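Student: This is the structure, below, for whatever I ask next.
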Amino acid sequence: MVMEENTEEPREEWTLLFWTTFAVLVPVLITLWCSFQRPKRKIQLKDLFRKSKHGWHYTDLFNKPTYCCVCCQPILQGAFCDCCGICSDEQCIQRADRILSCKEIMTQNQTDGKFCHQWVKGNVPLASYCGVCKQQCGTQPKLCDYRCVWCQTTMHDDCLSSLTDDLCDLGEFHSVIIPPCYLYQVNKLRRRHPDEYSKLAAVCGSGWTPVLVLANTRSGNNMGEILLGEFRTLLNPVQVFDLSELPPSKALQLCTLLPPGSVRVLVCGGDGTVGWVLDAIDTMKLKGQDQFIPLVTILPLGTGNDLSNSLGWGAGYAGEIPVEQVLRNVLEAEVVKMDRWKVQVASKGNYFRKPKVLSMNNYFSVGPDALMALNFHVHREKTPSFFSSRIINKVVYFLYGTKDCLVQECKDLDKRIELELDGEQVTLPNLEGIIVCNIGNWGGGCRLWEGMGDEPYPPTRVDDGLLEVVGVYGSFHCAQIQVKLANPVRLGQAHTVRLVLKSSRMPMQVDGEPWAQGPCTITITHKTQALMLYHSAEQTDDDDSSASEVEDHIDTSNNAPQTESP
């Protein structure tokens, strides 16, 4: 009996070990199998999406209760069209392509500039109201409400059946949408002339200012993809461009099919993306298309966003305001002129090679801030997926700045470089960096020229044809300037700036685009002026201040001592 008990105990241990191993391995194997199958499924869906007339995007989990527009069943994952808003299960995507139409960018169905509503059933916004009975839509868990993909009007099933007038006026944003009937009429024109475009635009109403959206999906916090879908939902998909697929030089050719002087371009990206678009506009000028030049505004998605901050559009966009409000701000913005500068870099000894020519909107610098930008740029090129957050990017900048405080790679810059302002040589103190500014903001929002404390200077202007030149003592001095503990070394203002790097190799940057440069001569001269849109927050600030005054008054009256009646 003792021997049998001793043999049963090891059996029980092995049985327990087997089932424990089985319980651990089975979920792991299933997870691995799913992870291998998922890329294959996504590749198959991408091939299917590429051939589709819809702008399909796949999601593993919808962010609200969603129903398939084909089989009318609730779904947790599947595909949605970012143009017309229909949703579909994986099995119903091909059928949805056959039976459900997407937004038509061109159509001849019109009556006095209007055309019929294009209704999509179900999945209406939760906080929407019927355009007929003014009651809330989307409250019942089934596909019983409708939404027009153009004017965004929502309507109950019963109210839609009783609707007598089915003409669509494009809704609140009719003044920024390019109607599909307009593009159809342009396509029929025998003579492409600006006067003809103005005649066709008359049916769009007075004050028609179409907005083109150019988004860089690789900028900063990777919000470009989301914004592309939201703007395609509100606007005509033909006026929304992904700059990772189409360069701005081709996207801006749509301006030549619209009335001269009426177009506004919303650039969703960082300062580098804005410079890319402005260079494409300069190319339009060289082609003789000056009358079609658009006004440019910015939705900041980059890391620094100094140009956007200088023009009143904020230091960074993270979805804090809806895109509808963004379009309203674009319509209310003021037109300003902004100087653009030509940076010519002639390397020493290469007399038979053409100088390197760059365009500058924000600033040029040589020294520690350019070194931080260069180190950041090199590592982002190696692992771009790591630099997908604005916060992470700024932390990396901070780490590189801390490293340079100890190493001081740019010390004794004053012995290696000569500075001339409007032809007059400037005696340099013991500096590590020189910054040439066109705008007021630098380094992610720091007001570099105005200063602080007992040394205030008049604010800079973007249209005065002048450059502000300052110096910094090192990376630690840059950090002190950004937290307003120190002022930069003001070297002067000039219409033309010339720097001569006599020896060694130094980091340089223009608008955040860095490189390492050997001995050379750098000449910065005025190039042209760009038409930009400036967002003034005075009205909003006044509204906020008046609201806060009312709240303070209410709080004061509530906290006041109450007297008893005799």
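The way I read the labels, and the way they are meant: chains A, B, ... in the order of the structure tokens, residue 1 as the first residue of every chain, and ligand 1 as the first ligand shown, with later ones counted on from there.
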Write down as a PDB file with C-alpha atoms, in the first residue's frame the residues belonging to region 394-524 of chain A that are assigned helix (DSSP H, G or I) by DSSP computed on the backbone.
Tutor:
```
ATOM      1  CA  LYS A 394      10.382  67.391 -27.080  1.00  0.00           C
ATOM      2  CA  VAL A 395      11.825  65.015 -24.483  1.00  0.00           C
ATOM      3  CA  VAL A 396      14.397  63.814 -27.024  1.00  0.00           C
ATOM      4  CA  TYR A 397      15.287  67.441 -27.796  1.00  0.00           C
ATOM      5  CA  PHE A 398      15.774  68.038 -24.064  1.00  0.00           C
ATOM      6  CA  LEU A 399      18.082  65.025 -23.738  1.00  0.00           C
ATOM      7  CA  TYR A 400      20.253  66.170 -26.638  1.00  0.00           C
ATOM      8  CA  GLY A 401      20.400  69.676 -25.156  1.00  0.00           C
ATOM      9  CA  THR A 402      21.489  68.255 -21.805  1.00  0.00           C
ATOM     10  CA  LYS A 403      24.215  66.244 -23.527  1.00  0.00           C
ATOM     11  CA  ASP A 404      25.531  69.337 -25.333  1.00  0.00           C
ATOM     12  CA  CYS A 405      25.690  71.257 -22.030  1.00  0.00           C
ATOM     13  CA  LEU A 406      28.386  68.793 -20.974  1.00  0.00           C
ATOM     14  CA  VAL A 407      30.196  68.283 -24.287  1.00  0.00           C
ATOM     15  CA  LEU A 413      32.069  79.856 -32.513  1.00  0.00           C
ATOM     16  CA  ASP A 414      33.125  83.519 -32.512  1.00  0.00           C
ATOM     17  CA  LYS A 415      36.626  82.444 -33.547  1.00  0.00           C
ATOM     18  CA  ARG A 416      35.368  80.290 -36.411  1.00  0.00           C
ATOM     19  CA  SER A 475      22.685  74.949 -24.762  1.00  0.00           C
ATOM     20  CA  PHE A 476      22.186  75.926 -21.137  1.00  0.00           C
ATOM     21  CA  HIS A 477      21.677  79.553 -22.212  1.00  0.00           C
ATOM     22  CA  CYS A 478      19.058  78.357 -24.742  1.00  0.00           C
ATOM     23  CA  ALA A 479      17.235  76.574 -21.926  1.00  0.00           C
ATOM     24  CA  GLN A 480      17.348  79.697 -19.757  1.00  0.00           C
ATOM     25  CA  ILE A 481      15.877  81.771 -22.601  1.00  0.00           C
ATOM     26  CA  GLN A 482      13.019  79.305 -23.081  1.00  0.00           C
TER      27      GLN A 482
END
```
Student: Neighbours of Pro248 (chain A) within 8 Å (only C-alpha atoms; same-chain residues fewer than 3 positions away dropped), as number ranges by chain?
Tutor: A: 214, 243, 251-252, 276-277, 280
Student: Take CA of Met532 (chain A) and CA of Val366 (chain A) and report the distance between them in Å, one decimal.
Tutor: 27.3 Å
Student: By how many Å are CA of Ala494 (chain A) and CA of Ala346 (chain A) apart?
Tutor: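 CA of Ala494 (chain A) sits 20.4 Å away from CA of Ala346 (chain A).
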Student: For Tyr317 (chain A), which residue out of A:Ser219, A:Asp511, A:Ala96, A:Pro180 is the nearest one, using only C-alpha atoms?
Tutor: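 Using only C-alpha atoms, Tyr317 (chain A) sits closest to A:Ser219.
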Student: In Å, how far is it from CA of Leu234 (chain A) to CA of Trp150 (chain A)?
Tutor: 6.9 Å
Student: When you count only C-alpha atoms, which of these residues is closest to His117 (chain A): A:Ser162, A:Cys168, A:Lys354, A:Cys137?
Tutor: A:Cys168
Student: Can you list, as a list in words, every protein, DNA or RNA residue that comes within 7 Å of region 340-345 of chain A when you count only C-alpha atoms, leaving out same-chain residues fewer than 3 positions away?
Tutor: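 So, after excluding close chain neighbours, the residues are Pro355, Lys356, Val357, Leu358, Ser359, Met360, Asn361, Cys520, Thr521, Ile522, Thr523, Ile524, Thr525, His526, Lys527, Thr528, Gln529 and Ala530 of chain A.
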Student: Mind dumping the selected residues with C-alpha atoms as an mmCIF file, in the first residue's frame?
Tutor:
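Output saved as part-v7.cif:
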```
data_model
loop_
_atom_site.group_PDB
_atom_site.id
_atom_site.type_symbol
_atom_site.label_atom_id
_atom_site.label_comp_id
_atom_site.auth_asym_id
_atom_site.auth_seq_id
_atom_site.Cartn_x
_atom_site.Cartn_y
_atom_site.Cartn_z
ATOM 1 C CA PRO A 355 25.679 77.176 -54.304
ATOM 2 C CA LYS A 356 23.064 75.418 -52.227
ATOM 3 C CA VAL A 357 19.885 77.541 -52.190
ATOM 4 C CA LEU A 358 17.186 77.172 -49.523
ATOM 5 C CA SER A 359 14.014 79.074 -48.660
ATOM 6 C CA MET A 360 13.555 80.417 -45.132
ATOM 7 C CA ASN A 361 10.314 81.376 -43.402
ATOM 8 C CA CYS A 520 31.414 78.198 -46.456
ATOM 9 C CA THR A 521 29.816 81.585 -47.030
ATOM 10 C CA ILE A 522 26.119 81.983 -46.176
ATOM 11 C CA THR A 523 24.144 84.884 -47.605
ATOM 12 C CA ILE A 524 20.533 85.557 -46.582
ATOM 13 C CA THR A 525 18.568 87.966 -48.805
ATOM 14 C CA HIS A 526 14.904 88.824 -49.293
ATOM 15 C CA LYS A 527 13.121 86.505 -51.726
ATOM 16 C CA THR A 528 9.405 87.310 -51.863
ATOM 17 C CA GLN A 529 6.294 87.730 -49.726
ATOM 18 C CA ALA A 530 3.640 85.094 -49.085
#
```
Student: What residues in region 415-472 of chain A get the DSSP label strand (DSSP E or B)? Please answer as a PyMOL selection string.
Tutor: chain A and resi 417-421+424-426+433-437+441-442+446-447+467-472
Student: Keeping only C-alpha atoms, write those residues as a short mmCIF file (atom, residue, chain, number, x, y, z; two decimals), in the first residue's frame.
Tutor:
```cif
data_model
loop_
_atom_site.label_atom_id
_atom_site.label_comp_id
_atom_site.auth_asym_id
_atom_site.auth_seq_id
_atom_site.Cartn_x
_atom_site.Cartn_y
_atom_site.Cartn_z
CA ILE A 417 32.79 82.57 -37.97
CA GLU A 418 32.41 86.15 -39.21
CA LEU A 419 29.09 88.03 -39.23
CA GLU A 420 28.11 90.93 -41.50
CA LEU A 421 24.82 92.86 -41.25
CA GLU A 424 29.08 95.93 -41.86
CA GLN A 425 31.09 93.42 -39.85
CA VAL A 426 29.89 92.76 -36.28
CA GLY A 433 25.40 79.95 -31.55
CA ILE A 434 23.90 82.56 -33.89
CA ILE A 435 20.19 82.70 -34.77
CA VAL A 436 18.75 84.76 -37.64
CA CYS A 437 14.97 85.23 -37.15
CA ASN A 441 8.73 82.73 -32.11
CA TRP A 442 11.68 80.36 -31.80
CA CYS A 446 9.88 81.38 -27.09
CA ARG A 447 9.69 85.11 -27.95
CA LEU A 467 15.89 90.04 -40.00
CA GLU A 468 16.65 89.94 -36.27
CA VAL A 469 20.04 88.44 -35.37
CA VAL A 470 20.82 87.15 -31.86
CA GLY A 471 23.51 85.04 -30.22
CA VAL A 472 23.48 82.39 -27.48
#
```
